[in-house]
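File shown: start35.cif (mmCIF, C-alpha atoms).
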```
data_entry
#
loop_
_atom_site.label_atom_id
_atom_site.label_comp_id
_atom_site.auth_asym_id
_atom_site.auth_seq_id
_atom_site.Cartn_x
_atom_site.Cartn_y
_atom_site.Cartn_z
CA MET A 1 -37.94 7.77 -46.39
CA SER A 2 -41.24 6.42 -45.22
CA TRP A 3 -42.99 9.74 -45.87
CA ALA A 4 -41.90 9.96 -49.54
CA SER A 5 -44.94 8.20 -51.03
CA PRO A 6 -47.59 10.18 -49.12
CA PHE A 7 -45.57 13.33 -49.82
CA PHE A 8 -45.47 12.60 -53.56
CA ALA A 9 -49.20 11.86 -53.54
CA ALA A 10 -49.83 15.29 -51.97
CA LEU A 11 -48.14 17.11 -54.86
CA THR A 12 -49.93 18.70 -57.79
CA LEU A 13 -49.13 17.54 -61.32
CA GLN A 14 -46.80 20.50 -61.94
CA GLU A 15 -45.01 19.89 -58.62
CA LYS A 16 -44.55 16.22 -59.55
CA ILE A 17 -43.11 17.30 -62.91
CA ALA A 18 -40.76 19.67 -61.08
CA ALA A 19 -39.63 16.93 -58.67
CA ILE A 20 -39.01 14.43 -61.46
CA SER A 21 -37.23 17.07 -63.55
CA HIS A 22 -35.02 18.00 -60.60
CA HIS A 23 -33.98 14.38 -60.03
CA MET A 24 -33.47 13.70 -63.73
CA SER A 25 -31.22 16.76 -63.92
CA GLN A 26 -29.16 15.50 -60.99
CA PHE A 27 -28.79 12.18 -62.80
CA ALA A 28 -27.77 13.97 -66.02
CA HIS A 29 -25.26 16.20 -64.20
CA PRO A 30 -23.53 13.88 -61.71
CA ASN A 31 -21.35 15.34 -59.00
CA ILE A 32 -18.33 13.98 -57.22
CA SER A 33 -20.25 13.24 -54.02
CA ASN A 34 -22.14 10.46 -55.82
CA SER A 35 -18.99 8.70 -57.04
CA SER A 36 -18.27 5.24 -55.69
CA LEU A 37 -14.86 6.36 -54.43
CA VAL A 38 -16.36 9.14 -52.30
CA GLU A 39 -19.18 6.90 -51.09
CA ARG A 40 -16.64 4.24 -50.08
CA ALA A 41 -14.46 6.84 -48.31
CA MET A 42 -17.47 8.15 -46.39
CA HIS A 43 -18.49 4.60 -45.47
CA VAL A 44 -14.99 3.84 -44.16
CA LEU A 45 -14.86 7.10 -42.19
CA ASN A 46 -18.31 6.39 -40.71
CA SER A 47 -17.22 2.91 -39.66
CA TRP A 48 -14.08 4.34 -38.06
CA ILE A 49 -16.16 6.96 -36.25
CA ASP A 50 -18.49 4.21 -34.97
CA THR A 51 -15.46 2.25 -33.76
CA VAL A 52 -13.86 5.08 -31.80
CA ASP A 53 -17.04 6.89 -30.74
CA PRO A 54 -16.51 7.79 -27.08
CA GLN A 55 -20.20 7.60 -26.16
CA ASP A 56 -21.57 4.67 -24.16
CA SER A 57 -18.15 3.60 -22.88
CA GLY A 58 -19.53 2.76 -19.41
CA LEU A 59 -17.09 1.21 -16.94
CA LEU A 60 -14.37 1.05 -19.60
CA TYR A 61 -14.25 4.84 -19.45
CA TRP A 62 -12.95 4.83 -15.88
CA VAL A 63 -10.80 1.71 -16.08
CA VAL A 64 -8.85 2.62 -19.18
CA PHE A 65 -8.85 6.42 -19.03
CA PRO A 66 -5.66 6.96 -21.14
CA LEU A 67 -7.09 4.80 -23.91
CA ILE A 68 -10.29 6.82 -23.79
CA ILE A 69 -8.29 10.03 -24.27
CA LEU A 70 -6.55 8.40 -27.25
CA ARG A 71 -9.96 7.37 -28.61
CA LEU A 72 -11.21 10.93 -28.26
CA LEU A 73 -8.19 12.28 -30.15
CA LEU A 74 -8.61 9.64 -32.86
CA PHE A 75 -12.32 10.46 -33.03
CA ALA A 76 -11.48 14.15 -33.52
CA VAL A 77 -8.96 13.39 -36.29
CA ILE A 78 -11.34 11.09 -38.17
CA GLY A 79 -14.19 13.58 -37.73
CA GLY A 80 -11.96 16.34 -39.07
CA ILE A 81 -11.10 14.31 -42.16
CA TYR A 82 -14.81 13.62 -42.69
CA VAL A 83 -15.64 17.32 -42.43
CA LEU A 84 -12.86 18.21 -44.88
CA LEU A 85 -14.19 15.63 -47.34
CA ILE A 86 -17.69 17.11 -47.16
CA LYS A 87 -16.40 20.70 -47.41
CA SER A 88 -14.24 19.87 -50.42
CA MET A 89 -17.35 18.69 -52.32
CA ARG A 90 -19.64 21.53 -51.23
CA ASN A 91 -19.22 23.79 -54.28
CA GLU A 92 -19.69 20.91 -56.71
CA MET A 93 -22.78 19.69 -54.88
CA GLN A 94 -24.27 23.20 -54.86
CA ARG A 95 -23.55 23.62 -58.57
CA VAL A 96 -25.43 20.42 -59.38
CA PHE A 97 -28.39 21.44 -57.20
CA TYR A 98 -28.53 24.88 -58.82
CA ILE A 99 -28.57 23.28 -62.28
CA ALA A 100 -31.26 20.83 -61.19
CA ASP A 101 -33.40 23.60 -59.68
CA ASN A 102 -33.01 25.72 -62.81
CA GLU A 103 -33.96 22.86 -65.13
CA ALA A 104 -36.93 21.95 -62.93
CA SER A 105 -38.03 25.59 -63.04
CA GLU A 106 -37.74 25.67 -66.84
CA THR A 107 -39.69 22.42 -67.14
CA ALA A 108 -42.49 22.90 -64.62
CA GLY A 109 -42.43 26.63 -63.95
CA SER A 110 -41.00 28.59 -61.06
CA GLU A 111 -44.28 28.59 -59.09
CA ALA A 112 -44.40 24.79 -59.12
CA VAL A 113 -40.76 24.55 -58.00
CA LEU A 114 -41.31 27.08 -55.21
CA SER A 115 -44.42 25.24 -54.05
CA LEU A 116 -42.53 21.91 -54.21
CA LEU A 117 -39.68 23.31 -52.12
CA LEU A 118 -42.07 24.71 -49.53
CA LYS A 119 -43.88 21.37 -49.29
CA ALA A 120 -40.56 19.53 -49.08
CA GLU A 121 -39.59 21.68 -46.09
CA MET A 122 -42.87 20.68 -44.44
CA GLY A 123 -42.68 17.11 -45.82
CA ARG A 124 -43.29 15.31 -42.55
CA SER A 125 -46.64 17.00 -42.14
CA PHE A 126 -47.79 15.20 -45.31
CA CYS A 127 -47.14 11.72 -43.90
CA THR A 128 -49.79 9.49 -42.44
CA ASN A 129 -49.16 7.92 -39.07
CA GLY A 130 -50.37 4.45 -39.73
#
```

Translate this file's structure into structure tokens.
Amino acid sequence: MSWASPFFAALTLQEKIAAISHHMSQFAHPNISNSSLVERAMHVLNSWIDTVDPQDSGLLYWVVFPLIILRLLLFAVIGGIYVLLIKSMRNEMQRVFYIADNEASETAGSEAVLSLLLKAEMGRSFCTNG
């Protein structure tokens, strides 16, 4: 993210402590979504989606219409598998974020974490257009 450095510079000391604590907690409590197997599966699914993506087909769309329908069906199947993969990891990912938020709150204080989260939501407004 190009806005990360200006964003980090805009934080107070306590907010910086909260951000670092949050990320250290995520490192200390890994979740399945960060495993190399899941990352590889997501990479493969993304490459398959890029291969069968029906957008920008141009003239091919009209010349080979049955193949386009097959591509659309294949695109839907691959997209469905991708969604199921993400949904299957949702609870684990939320658990790790809750732990990280809790540990950041214990380290830096709940006001610093709340302020950090509010600034993160408005993060792009802290970037410089240069």

Self-check item: Spatial neighbours of A:Ser115, 10 Å, all atoms listed in the file, chain gap at least 4 places, as a list in words
Solution: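 These residues fall inside the cut-off: Leu11, Thr12, Gln14, Glu15, Ala18, Ser110, Glu111, Lys119, Ala120 and Glu121 of chain A.
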
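Going from atom CA of A:Ile17 over to atom CA of A:Arg95, you cover 21.0 Å.
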
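In terms of minimum interatomic distance to A:Ile20, A:Phe8 ranks closest within A:Tyr82, A:Tyr98, A:Ser47, A:Phe8, counting all atoms listed in the file.
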
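Among the candidates A:Ala10, A:His22, A:Leu67, A:Asn31, the residue lying nearest to A:Asn91 is A:Asn31 (atoms considered: all atoms listed in the file).
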
Quiz item: What does the distance between atom CA of A:Glu92 and atom CA of A:His29 come to in Å, to one decimal place?
Solution: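 Computed distance, atom CA of A:Glu92 to atom CA of A:His29, equals 10.5 Å.
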
Quiz prompt | Minimum-distance residue to A:Ser35, chosen among A:Ala19, A:Trp48, A:Ser105, A:Met89 (using all atoms listed in the file) | solution =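 Checking each candidate against A:Ser35, we get A:Met89 as the closest.
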
Practice problem: Would you mind reading off the distance between atom CA of A:Ile99 and atom CA of A:Leu114, one decimal, in Å? | Solution: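 Going from atom CA of A:Ile99 over to atom CA of A:Leu114, I get 15.1 Å.
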
With a distance cut-off of 12 Å and all atoms listed in the file, select the neighbouring residues of A:Val44, excluding the residue or stretch itself and same-chain residues fewer than 6 positions from it, and output the selection as a CSV table (one decimal) with C-alpha atoms, keeping the file's coordinate frame.
```csv
chain,number,residue,atom,x,y,z
A,37,LEU,CA,-14.9,6.4,-54.4
A,38,VAL,CA,-16.4,9.1,-52.3
A,50,ASP,CA,-18.5,4.2,-35.0
A,51,THR,CA,-15.5,2.2,-33.8
A,78,ILE,CA,-11.3,11.1,-38.2
A,79,GLY,CA,-14.2,13.6,-37.7
A,81,ILE,CA,-11.1,14.3,-42.2
A,82,TYR,CA,-14.8,13.6,-42.7
```

Quiz item: Could you pull the residues within 8 Å of A:Gln26, counting all atoms listed in the file, minus those fewer than 5 positions along the same chain, as a VMD selection string?
Solution: chain A and resid 96 to 97 99 to 100

Self-check item: Residue nearest A:Leu73 among A:Arg40, A:Pro6, A:His23, A:Ile49 (counting all atoms listed in the file)
Solution: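 Using all atoms listed in the file, the shortest distance to A:Leu73 belongs to A:Ile49.
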
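Counting only C-alpha atoms, the residue from A:Leu74, A:Phe7, A:Ala41, A:Met24 that sits nearest to A:Glu103 is A:Met24.
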